[in-house]
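Data from input-v4.cif: mmCIF, C-alpha atoms and all ligand atoms
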```
data_data
loop_
_atom_site.group_PDB
_atom_site.id
_atom_site.type_symbol
_atom_site.label_atom_id
_atom_site.label_comp_id
_atom_site.auth_asym_id
_atom_site.auth_seq_id
_atom_site.Cartn_x
_atom_site.Cartn_y
_atom_site.Cartn_z
ATOM 1 C CA MET A 1 23.711 28.125 -11.096
ATOM 2 C CA THR A 2 21.100 26.491 -8.878
ATOM 3 C CA THR A 3 17.772 25.295 -10.224
ATOM 4 C CA GLU A 4 14.873 26.109 -7.941
ATOM 5 C CA VAL A 5 12.669 23.140 -7.112
ATOM 6 C CA ARG A 6 8.973 23.778 -6.543
ATOM 7 C CA PRO A 7 7.822 22.305 -3.202
ATOM 8 C CA LEU A 8 5.528 19.298 -3.406
ATOM 9 C CA ASP A 9 1.932 20.402 -3.994
ATOM 10 C CA THR A 10 0.005 17.940 -1.789
ATOM 11 C CA LEU A 11 -3.389 18.791 -3.297
ATOM 12 C CA GLU A 12 -2.090 18.184 -6.812
ATOM 13 C CA LEU A 13 -0.488 14.973 -5.546
ATOM 14 C CA LYS A 14 -3.789 13.710 -4.121
ATOM 15 C CA GLU A 15 -5.606 14.462 -7.387
ATOM 16 C CA ARG A 16 -2.880 12.820 -9.461
ATOM 17 C CA VAL A 17 -2.888 9.699 -7.261
ATOM 18 C CA GLN A 18 -6.690 9.499 -7.456
ATOM 19 C CA ARG A 19 -6.645 9.827 -11.282
ATOM 20 C CA MET A 20 -3.965 7.171 -11.595
ATOM 21 C CA TYR A 21 -5.733 4.643 -9.358
ATOM 22 C CA GLU A 22 -9.118 5.380 -10.892
ATOM 23 C CA GLU A 23 -7.565 4.122 -14.144
ATOM 24 C CA VAL A 24 -6.140 1.089 -12.341
ATOM 25 C CA ALA A 25 -9.695 0.269 -11.174
ATOM 26 C CA LEU A 26 -11.471 0.949 -14.461
ATOM 27 C CA GLU A 27 -8.874 0.013 -17.087
ATOM 28 C CA PRO A 28 -6.404 -2.361 -15.437
ATOM 29 C CA GLU A 29 -5.188 -3.670 -18.809
ATOM 30 C CA ARG A 30 -3.562 -0.265 -19.589
ATOM 31 C CA GLU A 31 0.172 0.303 -19.210
ATOM 32 C CA PHE A 32 1.263 2.090 -16.032
ATOM 33 C CA HIS A 33 4.667 3.018 -14.497
ATOM 34 C CA PHE A 34 4.234 -0.157 -12.471
ATOM 35 C CA GLU A 35 3.009 -3.685 -13.108
ATOM 36 C CA THR A 36 -0.478 -4.826 -12.184
ATOM 37 C CA GLY A 37 -2.504 -8.019 -12.100
ATOM 38 C CA ARG A 38 -2.138 -11.720 -11.484
ATOM 39 C CA PRO A 39 1.312 -12.284 -13.072
ATOM 40 C CA LEU A 40 2.694 -9.625 -10.687
ATOM 41 C CA ALA A 41 0.893 -11.112 -7.669
ATOM 42 C CA GLU A 42 2.202 -14.612 -8.393
ATOM 43 C CA ARG A 43 5.740 -13.375 -8.986
ATOM 44 C CA LEU A 44 5.677 -11.542 -5.639
ATOM 45 C CA GLY A 45 4.784 -14.806 -3.902
ATOM 46 C CA TYR A 46 0.992 -14.823 -3.559
ATOM 47 C CA PRO A 47 -0.057 -18.497 -3.575
ATOM 48 C CA ALA A 48 -2.068 -19.309 -6.735
ATOM 49 C CA ALA A 49 -4.519 -21.405 -4.716
ATOM 50 C CA ASP A 50 -5.370 -18.375 -2.536
ATOM 51 C CA LEU A 51 -5.825 -16.142 -5.602
ATOM 52 C CA ASP A 52 -8.197 -18.729 -7.119
ATOM 53 C CA ARG A 53 -10.579 -18.189 -4.164
ATOM 54 C CA ILE A 54 -11.176 -14.436 -4.661
ATOM 55 C CA PRO A 55 -12.744 -12.371 -7.492
ATOM 56 C CA ALA A 56 -10.473 -12.271 -10.590
ATOM 57 C CA ALA A 57 -11.374 -8.618 -11.265
ATOM 58 C CA ALA A 58 -9.824 -7.606 -7.927
ATOM 59 C CA ILE A 59 -6.592 -9.343 -8.945
ATOM 60 C CA ASP A 60 -6.627 -7.575 -12.359
ATOM 61 C CA SER A 61 -6.435 -4.217 -10.515
ATOM 62 C CA PHE A 62 -3.813 -5.355 -7.993
ATOM 63 C CA ALA A 63 -1.029 -2.756 -7.857
ATOM 64 C CA GLY A 64 0.842 -3.844 -4.729
ATOM 65 C CA VAL A 65 4.593 -4.146 -4.309
ATOM 66 C CA GLY A 66 5.171 -7.258 -2.188
ATOM 67 C CA TYR A 67 3.724 -10.259 -0.370
ATOM 68 C CA PHE A 68 3.293 -9.875 3.388
ATOM 69 C CA LEU A 69 0.246 -11.960 4.378
ATOM 70 C CA ASP A 70 2.537 -14.756 5.616
ATOM 71 C CA LEU A 71 3.992 -12.205 8.083
ATOM 72 C CA ALA A 72 0.494 -11.073 9.115
ATOM 73 C CA ALA A 73 -0.407 -14.702 10.016
ATOM 74 C CA LEU A 74 -4.108 -13.866 10.288
ATOM 75 C CA ALA A 75 -6.235 -16.136 12.473
ATOM 76 C CA PRO A 76 -9.952 -16.973 12.238
ATOM 77 C CA GLY A 77 -12.114 -14.371 13.962
ATOM 78 C CA GLU A 78 -9.627 -11.488 13.702
ATOM 79 C CA THR A 79 -10.474 -7.924 12.628
ATOM 80 C CA VAL A 80 -8.200 -6.477 9.935
ATOM 81 C CA LEU A 81 -7.756 -2.919 8.635
ATOM 82 C CA ASP A 82 -6.399 -2.567 5.062
ATOM 83 C CA LEU A 83 -4.950 0.933 4.553
ATOM 84 C CA GLY A 84 -5.303 1.852 0.851
ATOM 85 C CA SER A 85 -7.397 -1.184 -0.031
ATOM 86 C CA GLY A 86 -7.668 -0.386 -3.757
ATOM 87 C CA SER A 87 -9.909 -2.844 -5.625
ATOM 88 C CA GLY A 88 -9.692 -5.195 -2.663
ATOM 89 C CA MET A 89 -7.311 -8.035 -3.502
ATOM 90 C CA ASP A 90 -5.493 -8.128 -0.143
ATOM 91 C CA SER A 91 -8.753 -7.450 1.727
ATOM 92 C CA PHE A 92 -10.428 -10.445 0.057
ATOM 93 C CA LEU A 93 -7.452 -12.716 0.766
ATOM 94 C CA ALA A 94 -7.518 -11.522 4.385
ATOM 95 C CA ALA A 95 -11.294 -12.123 4.549
ATOM 96 C CA ASN A 96 -10.787 -15.765 3.569
ATOM 97 C CA GLN A 97 -8.193 -16.137 6.331
ATOM 98 C CA VAL A 98 -10.215 -14.542 9.149
ATOM 99 C CA GLY A 99 -13.364 -16.379 8.046
ATOM 100 C CA PRO A 100 -17.025 -15.641 8.774
ATOM 101 C CA GLY A 101 -16.314 -14.787 12.438
ATOM 102 C CA GLY A 102 -13.796 -12.108 11.438
ATOM 103 C CA ARG A 103 -14.024 -8.804 9.593
ATOM 104 C CA VAL A 104 -11.955 -6.750 7.152
ATOM 105 C CA ILE A 105 -12.247 -2.961 6.904
ATOM 106 C CA GLY A 106 -10.708 -1.386 3.803
ATOM 107 C CA VAL A 107 -10.011 2.364 3.613
ATOM 108 C CA ASP A 108 -9.313 4.182 0.341
ATOM 109 C CA MET A 109 -9.713 7.715 -1.045
ATOM 110 C CA THR A 110 -10.440 6.822 -4.691
ATOM 111 C CA ASP A 111 -14.145 6.412 -5.526
ATOM 112 C CA ALA A 112 -13.657 4.020 -8.452
ATOM 113 C CA GLN A 113 -11.498 1.684 -6.352
ATOM 114 C CA LEU A 114 -14.051 1.693 -3.515
ATOM 115 C CA ALA A 115 -16.959 1.104 -5.902
ATOM 116 C CA LYS A 116 -15.163 -1.830 -7.522
ATOM 117 C CA ALA A 117 -14.189 -3.420 -4.196
ATOM 118 C CA ARG A 118 -17.746 -3.044 -2.835
ATOM 119 C CA ALA A 119 -19.354 -4.499 -5.980
ATOM 120 C CA LEU A 120 -16.960 -7.478 -5.984
ATOM 121 C CA ALA A 121 -17.538 -8.082 -2.271
ATOM 122 C CA ALA A 122 -21.311 -8.146 -2.790
ATOM 123 C CA GLU A 123 -20.956 -10.676 -5.628
ATOM 124 C CA ALA A 124 -18.395 -12.915 -3.971
ATOM 125 C CA ARG A 125 -20.096 -13.254 -0.574
ATOM 126 C CA LEU A 126 -16.818 -13.666 1.298
ATOM 127 C CA ALA A 127 -16.393 -13.092 5.049
ATOM 128 C CA PRO A 128 -17.586 -9.617 6.095
ATOM 129 C CA THR A 129 -15.766 -6.773 4.333
ATOM 130 C CA ASP A 130 -16.492 -3.076 4.812
ATOM 131 C CA PHE A 131 -14.905 -0.656 2.336
ATOM 132 C CA ARG A 132 -14.860 2.888 3.739
ATOM 133 C CA GLU A 133 -14.023 6.142 2.018
ATOM 134 C CA GLY A 134 -11.248 8.003 3.805
ATOM 135 C CA TYR A 135 -7.593 8.790 4.163
ATOM 136 C CA ILE A 136 -4.980 6.432 5.531
ATOM 137 C CA GLU A 137 -3.709 9.293 7.717
ATOM 138 C CA THR A 138 -7.136 9.663 9.398
ATOM 139 C CA PRO A 139 -9.134 6.428 8.910
ATOM 140 C CA LEU A 140 -12.632 6.445 10.414
ATOM 141 C CA VAL A 141 -11.999 3.419 12.602
ATOM 142 C CA GLU A 142 -12.431 3.054 16.346
ATOM 143 C CA ASP A 143 -9.435 3.133 18.707
ATOM 144 C CA GLU A 144 -7.977 -0.269 19.701
ATOM 145 C CA SER A 145 -10.518 -2.180 17.577
ATOM 146 C CA ILE A 146 -8.145 -3.904 15.129
ATOM 147 C CA ASP A 147 -6.005 -7.057 15.478
ATOM 148 C CA CYS A 148 -3.870 -6.505 12.370
ATOM 149 C CA VAL A 149 -3.340 -3.478 10.107
ATOM 150 C CA ILE A 150 -2.226 -4.377 6.578
ATOM 151 C CA SER A 151 -1.176 -2.186 3.653
ATOM 152 C CA ASN A 152 0.404 -2.788 0.254
ATOM 153 C CA GLY A 153 2.206 -0.175 -1.845
ATOM 154 C CA VAL A 154 0.346 2.764 -0.326
ATOM 155 C CA ILE A 155 2.227 4.428 2.535
ATOM 156 C CA ASN A 156 4.951 5.651 0.148
ATOM 157 C CA LEU A 157 2.194 7.712 -1.514
ATOM 158 C CA SER A 158 1.404 9.607 1.699
ATOM 159 C CA PRO A 159 3.040 12.998 2.283
ATOM 160 C CA ASP A 160 2.572 12.407 6.060
ATOM 161 C CA LYS A 161 3.914 8.936 6.873
ATOM 162 C CA PRO A 162 4.215 9.545 10.664
ATOM 163 C CA ALA A 163 0.446 10.280 10.668
ATOM 164 C CA VAL A 164 -0.227 6.940 8.912
ATOM 165 C CA PHE A 165 1.842 4.961 11.436
ATOM 166 C CA ALA A 166 0.198 6.884 14.326
ATOM 167 C CA ALA A 167 -3.237 6.008 12.890
ATOM 168 C CA ALA A 168 -2.227 2.338 12.647
ATOM 169 C CA ALA A 169 -1.079 2.385 16.295
ATOM 170 C CA ARG A 170 -4.258 4.152 17.445
ATOM 171 C CA THR A 171 -6.596 1.637 15.799
ATOM 172 C CA LEU A 172 -4.658 -1.466 16.945
ATOM 173 C CA ARG A 173 -5.367 -3.232 20.196
ATOM 174 C CA PRO A 174 -2.310 -3.633 22.490
ATOM 175 C CA ASP A 175 0.024 -6.275 20.926
ATOM 176 C CA GLY A 176 -1.754 -5.816 17.572
ATOM 177 C CA ARG A 177 0.301 -6.275 14.391
ATOM 178 C CA LEU A 178 1.211 -4.080 11.439
ATOM 179 C CA ALA A 179 2.106 -6.137 8.339
ATOM 180 C CA LEU A 180 2.824 -4.364 5.091
ATOM 181 C CA ALA A 181 4.710 -4.097 1.831
ATOM 182 C CA ASP A 182 6.018 -0.725 0.666
ATOM 183 C CA ILE A 183 8.751 1.094 -1.238
ATOM 184 C CA VAL A 184 11.789 2.556 0.536
ATOM 185 C CA THR A 185 15.185 3.825 -0.604
ATOM 186 C CA GLU A 186 18.746 3.172 0.455
ATOM 187 C CA HIS A 187 19.742 6.830 -0.107
ATOM 188 C CA GLN A 188 17.574 9.902 0.551
ATOM 189 C CA LEU A 189 16.000 10.975 -2.763
ATOM 190 C CA PRO A 190 16.895 14.488 -3.986
ATOM 191 C CA GLU A 191 14.246 17.236 -4.116
ATOM 192 C CA GLY A 192 14.027 17.003 -7.922
ATOM 193 C CA ILE A 193 12.426 13.587 -7.371
ATOM 194 C CA THR A 194 10.572 14.115 -4.080
ATOM 195 C CA CYS A 195 8.819 17.218 -5.467
ATOM 196 C CA ASP A 196 7.736 15.506 -8.704
ATOM 197 C CA VAL A 197 4.071 14.493 -8.328
ATOM 198 C CA ALA A 198 4.239 12.154 -11.332
ATOM 199 C CA LEU A 199 7.062 10.167 -9.696
ATOM 200 C CA TRP A 200 5.146 10.141 -6.382
ATOM 201 C CA ALA A 201 2.065 8.714 -8.050
ATOM 202 C CA ALA A 202 4.298 6.070 -9.648
ATOM 203 C CA CYS A 203 5.372 4.899 -6.143
ATOM 204 C CA ILE A 204 8.924 6.343 -6.292
ATOM 205 C CA GLY A 205 8.926 10.060 -5.382
ATOM 206 C CA GLY A 206 7.441 9.481 -1.940
ATOM 207 C CA ALA A 207 9.679 6.588 -0.962
ATOM 208 C CA MET A 208 11.361 7.291 2.389
ATOM 209 C CA GLN A 209 14.960 6.446 3.238
ATOM 210 C CA ARG A 210 14.763 3.031 4.914
ATOM 211 C CA ASP A 211 16.298 3.959 8.317
ATOM 212 C CA ALA A 212 14.003 7.000 8.537
ATOM 213 C CA TYR A 213 11.080 4.721 7.610
ATOM 214 C CA ARG A 214 11.967 2.251 10.379
ATOM 215 C CA ASN A 215 12.356 5.138 12.863
ATOM 216 C CA ALA A 216 8.942 6.544 11.876
ATOM 217 C CA ILE A 217 7.344 3.145 12.626
ATOM 218 C CA GLU A 218 9.169 2.785 15.936
ATOM 219 C CA ASP A 219 8.363 6.388 16.945
ATOM 220 C CA ALA A 220 4.663 5.517 16.530
ATOM 221 C CA GLY A 221 5.040 2.820 19.207
ATOM 222 C CA PHE A 222 5.907 -0.337 17.244
ATOM 223 C CA THR A 223 8.701 -2.879 17.464
ATOM 224 C CA ILE A 224 9.753 -4.169 14.034
ATOM 225 C CA THR A 225 10.179 -7.957 14.218
ATOM 226 C CA GLU A 226 10.604 -8.905 10.536
ATOM 227 C CA TRP A 227 12.002 -6.978 7.556
ATOM 228 C CA ARG A 228 12.742 -8.425 4.113
ATOM 229 C CA THR A 229 13.511 -7.139 0.640
ATOM 230 C CA ASN A 230 11.228 -8.170 -2.226
ATOM 231 C CA ILE A 231 13.687 -8.689 -5.061
ATOM 232 C CA ALA A 232 10.890 -9.812 -7.392
ATOM 233 C CA TYR A 233 9.388 -6.304 -7.531
ATOM 234 C CA ARG A 234 10.507 -4.043 -10.408
ATOM 235 C CA PHE A 235 9.449 -0.750 -11.952
ATOM 236 C CA VAL A 236 8.448 -0.546 -15.573
ATOM 237 C CA SER A 237 9.413 2.852 -17.054
ATOM 238 C CA GLU A 238 12.996 3.820 -17.865
ATOM 239 C CA ARG A 239 12.818 6.943 -15.675
ATOM 240 C CA ALA A 240 11.570 4.906 -12.763
ATOM 241 C CA ASP A 241 14.188 2.248 -13.340
ATOM 242 C CA ASN A 242 17.010 4.848 -13.392
ATOM 243 C CA ALA A 243 15.906 6.258 -10.017
ATOM 244 C CA THR A 244 15.691 2.726 -8.700
ATOM 245 C CA GLN A 245 19.304 1.966 -9.642
ATOM 246 C CA LYS A 246 20.733 5.287 -8.510
ATOM 247 C CA TYR A 247 19.041 5.624 -5.105
ATOM 248 C CA GLY A 248 18.480 1.983 -4.217
ATOM 249 C CA VAL A 249 14.678 2.139 -4.439
ATOM 250 C CA THR A 250 13.386 -1.230 -3.220
ATOM 251 C CA SER A 251 10.249 -3.013 -2.146
ATOM 252 C CA ILE A 252 10.187 -4.359 1.405
ATOM 253 C CA SER A 253 7.754 -6.341 3.527
ATOM 254 C CA LEU A 254 7.707 -6.046 7.304
ATOM 255 C CA LEU A 255 5.975 -7.092 10.470
ATOM 256 C CA ALA A 256 5.785 -4.796 13.506
ATOM 257 C CA VAL A 257 4.071 -5.286 16.841
ATOM 258 C CA ARG A 258 2.422 -2.484 18.795
ATOM 259 C CA SER A 259 4.275 -2.141 22.072
HETATM 260 C C1 LIG B 301 -0.625 1.291 -5.178
HETATM 261 S S1 LIG B 301 -2.399 1.216 -4.935
HETATM 262 C C2 LIG B 301 -2.468 -0.187 -3.899
HETATM 263 C C3 LIG B 301 -3.855 -0.695 -3.733
HETATM 264 C C4 LIG B 301 -3.946 -2.067 -3.099
HETATM 265 N N1 LIG B 301 -3.368 -2.066 -1.763
HETATM 266 C C5 LIG B 301 -3.257 -3.078 -3.967
HETATM 267 O O1 LIG B 301 -2.299 -3.676 -3.477
HETATM 268 O O2 LIG B 301 -3.648 -3.230 -5.113
HETATM 269 C C6 LIG B 301 -2.634 2.577 -3.918
HETATM 270 C C7 LIG B 301 -4.063 2.763 -3.376
HETATM 271 O O3 LIG B 301 -3.982 3.595 -2.234
HETATM 272 C C8 LIG B 301 -4.949 4.628 -2.319
HETATM 273 N N2 LIG B 301 -4.365 5.776 -1.607
HETATM 274 C C9 LIG B 301 -3.202 6.407 -1.869
HETATM 275 N N3 LIG B 301 -2.971 7.370 -0.971
HETATM 276 C C10 LIG B 301 -4.021 7.349 -0.105
HETATM 277 C C11 LIG B 301 -4.365 8.106 1.049
HETATM 278 N N4 LIG B 301 -3.570 9.079 1.494
HETATM 279 N N5 LIG B 301 -5.502 7.790 1.699
HETATM 280 C C12 LIG B 301 -6.329 6.810 1.243
HETATM 281 N N6 LIG B 301 -6.058 6.060 0.155
HETATM 282 C C13 LIG B 301 -4.909 6.321 -0.512
HETATM 283 C C14 LIG B 301 -5.177 4.850 -3.787
HETATM 284 O O4 LIG B 301 -6.459 5.397 -4.011
HETATM 285 C C15 LIG B 301 -5.021 3.446 -4.343
HETATM 286 O O5 LIG B 301 -6.251 2.758 -4.376
#
```
When written as structure tokens, how does the structure in this file appear?
Amino acid sequence: MTTEVRPLDTLELKERVQRMYEEVALEPEREFHFETGRPLAERLGYPAADLDRIPAAAIDSFAGVGYFLDLAALAPGETVLDLGSGSGMDSFLAANQVGPGGRVIGVDMTDAQLAKARALAAEARLAPTDFREGYIETPLVEDESIDCVISNGVINLSPDKPAVFAAAARTLRPDGRLALADIVTEHQLPEGITCDVALWAACIGGAMQRDAYRNAIEDAGFTITEWRTNIAYRFVSERADNATQKYGVTSISLLAVRS
């Protein structure tokens, strides 16, 4: 007997992801399927001294999956685009690196995350940050205006990853960089997992098989120059942990250059 699997409902997925990350913004101390906050950031490799220079409330709502800012190697004066900027932790760290002559644009679809990032930016008076409402598949950002696109733990949540990588390529100037952390799998996940919106929102269901993920980046016009596994990242719930073991779900960080 075969069990029929309902196809992924992308509207339901979007609403579920928004509800989940609204809670991450408003009640970061709650328990989620994934870890959050400063202990996670430090374990992933974020330097404590850098975290000390940005608003603590942004770090409380951090829900990323790996460190990648060393790969981004941001320089003073650069313009950065953070896809899925959440409450702003990576954007604020990037702002400190590009300095007052640079700029960081964050794009996110969850109102509570945007409101928190904007309020913290206004208080902290860091280098210019601009948090925009929108989708990572279609960010409202000019063509070839960005030096480095960053993203942390977000692209796995998108049902259209090729569109996200195409948007990154479109907004980057020639030779611009894409530096990110995300979740991928060793083996293709079965439909029972990829059609489960709860597992998508928990950063597992949408994880792409790693060779397909690399191909999607290269098909968008990038050359991948660095790729590493973040062994320090782990999932919290038993269900998530089982999928992790069985299908080789892992966090990776990478650097790619627009050809
Ligand atoms: C796992 S959190 C990561 C946030 C932040 N990068 C961090 O490291 O804390 C995912 C964020 O991506 C946003 N997001 C997910 N899918 C999105 C999409 N398709 N377009 C825009 N934002 C999206 C969510 O609203 C949420 O704020």
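Once the PyMOL selection byres (((chain A and resi 60) around 7) and not hetatm) is applied to this file, the selection holds Pro28, Thr36, Gly37, Arg38, Ala56, Ala57, Ala58, Ile59, Ser61 and Phe62 of chain A.
Every residue having at least one atom no farther than 6 Å from ligand LIG 301 (chain B) is included below, with only C-alpha atoms and all ligand atoms taken into account: Gln18, Tyr21, Phe62, Ala63, Gly64, Gly84, Ser85, Gly86, Asp108, Met109, Thr110, Gln113, Gly134, Tyr135, Ile136, Ser151, Asn152, Gly153, Val154, Leu157 and Ser158 of chain A.
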Please work out which residues fall within 8 Å of (-7.3, -15.9, 7.1), coordinates as given in the file, with only C-alpha atoms counting, and return them as a list in words.
Ala73, Leu74, Ala75, Pro76, Leu93, Ala94, Ala95, Asn96, Gln97, Val98 and Gly99 of chain A
Would you translate the PyMOL selection byres (((chain A and resi 55) around 9) and not hetatm) into the concrete set of residues it matches in this file, as a ChimeraX atom specification?
/A:51-54,56-59,89,92,120-121,123-124
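Distance check against Arg103 in chain A using all atoms listed in the file: of A:Thr138, A:Leu83, A:Gly77, A:Gln245, the minimum falls on A:Gly77.
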Cut-off 10 Å: closest range 134-175 of chain A/range 214-217 of chain A atom pairs per residue, using all atoms listed in the file, as JSON lines:
```
{"residue": "A:Lys161", "atom": "CA", "partner": "A:Ala216", "partner_atom": "CA", "distance": 7.5}
{"residue": "A:Pro162", "atom": "CA", "partner": "A:Ala216", "partner_atom": "CA", "distance": 5.7}
{"residue": "A:Ala163", "atom": "CA", "partner": "A:Ala216", "partner_atom": "CA", "distance": 9.4}
{"residue": "A:Val164", "atom": "CA", "partner": "A:Ile217", "partner_atom": "CA", "distance": 9.2}
{"residue": "A:Phe165", "atom": "CA", "partner": "A:Ile217", "partner_atom": "CA", "distance": 5.9}
{"residue": "A:Ala166", "atom": "CA", "partner": "A:Ile217", "partner_atom": "CA", "distance": 8.2}
{"residue": "A:Ala168", "atom": "CA", "partner": "A:Ile217", "partner_atom": "CA", "distance": 9.6}
{"residue": "A:Ala169", "atom": "CA", "partner": "A:Ile217", "partner_atom": "CA", "distance": 9.2}
```
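For the point (-3.0, -8.2, 9.6), the residues with an atom at a distance of at most 10 Å are A:Phe68, A:Leu69, A:Asp70, A:Leu71, A:Ala72, A:Ala73, A:Leu74, A:Ala75, A:Glu78, A:Thr79, A:Val80, A:Leu81, A:Asp82, A:Ser91, A:Ala94, A:Val98, A:Val104, A:Ile146, A:Asp147, A:Cys148, A:Val149, A:Ile150, A:Ser151, A:Gly176, A:Arg177, A:Leu178, A:Ala179, A:Leu180, A:Leu255, counting only C-alpha atoms.
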What residues come out when you apply the PyMOL selection byres (((chain A and resi 231) around 9) and not hetatm) to this file, written as a PDB file with C-alpha atoms, keeping the file's coordinate frame?
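Writing the result to part.pdb gives the following:
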```pdb
ATOM      1  CA  LEU A  44       5.677 -11.542  -5.639  1.00  0.00           C
ATOM      2  CA  THR A 229      13.511  -7.139   0.640  1.00  0.00           C
ATOM      3  CA  ASN A 230      11.228  -8.170  -2.226  1.00  0.00           C
ATOM      4  CA  ALA A 232      10.890  -9.812  -7.392  1.00  0.00           C
ATOM      5  CA  TYR A 233       9.388  -6.304  -7.531  1.00  0.00           C
ATOM      6  CA  ARG A 234      10.507  -4.043 -10.408  1.00  0.00           C
ATOM      7  CA  THR A 250      13.386  -1.230  -3.220  1.00  0.00           C
ATOM      8  CA  SER A 251      10.249  -3.013  -2.146  1.00  0.00           C
ATOM      9  CA  ILE A 252      10.187  -4.359   1.405  1.00  0.00           C
TER      10      ILE A 252
END
```
From the set A:Glu23, A:Glu226, A:Glu42, A:Asp160, which residue has the shortest atom-to-atom contact distance to Ala112 in chain A, counting all atoms listed in the file?
A:Glu23
So that I can see what lies close to Leu199 in chain A, please list as a list of chain:residue names the residues with an atom at most 10 Å from it, counting only C-alpha atoms and leaving out residues fewer than 4 positions away in the same chain.
A:Leu13, A:His33, A:Leu157, A:Gly192, A:Ile193, A:Thr194, A:Cys195, A:Cys203, A:Ile204, A:Gly205, A:Gly206, A:Ala207, A:Arg239, A:Ala240, A:Ala243
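CA of Ala256 in chain A sits 26.7 Å away from CA of Ala117 in chain A.
Checking A:Ala25, A:Asp50, A:Phe34, A:Arg258 one by one against Ala119 in chain A, counting all atoms listed in the file, you find the shortest gap at A:Ala25.
Residue nearest Ile183 in chain A within the list A:Leu11, A:Met20, A:Ala122, A:Ile155: A:Ile155 [criterion: smallest interatomic distance, all atoms listed in the file].
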Atomic separation - CA of Ala201 in chain A relative to CA of Lys14 in chain A, Å:
8.6 Å
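CA of Asp219 in chain A lies 15.7 Å from CA of Thr171 in chain A.
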Pick out the closest residue to Ala181 in chain A from this set: A:Glu238, A:Glu137, A:Asp90, A:Glu27. Count all atoms listed in the file.
A:Asp90
One residue among A:Val257, A:Ile105, A:Val184, A:Ala48 is nearest to Ala220 in chain A when using all atoms listed in the file, and that residue is A:Val257
I want to know what sits within 10 Å of Glu186 in chain A, based on all atoms listed in the file, with residues of the same chain fewer than 5 positions away left out; could you give that as a PyMOL selection string?
chain A and resi 207-211+244+246-250
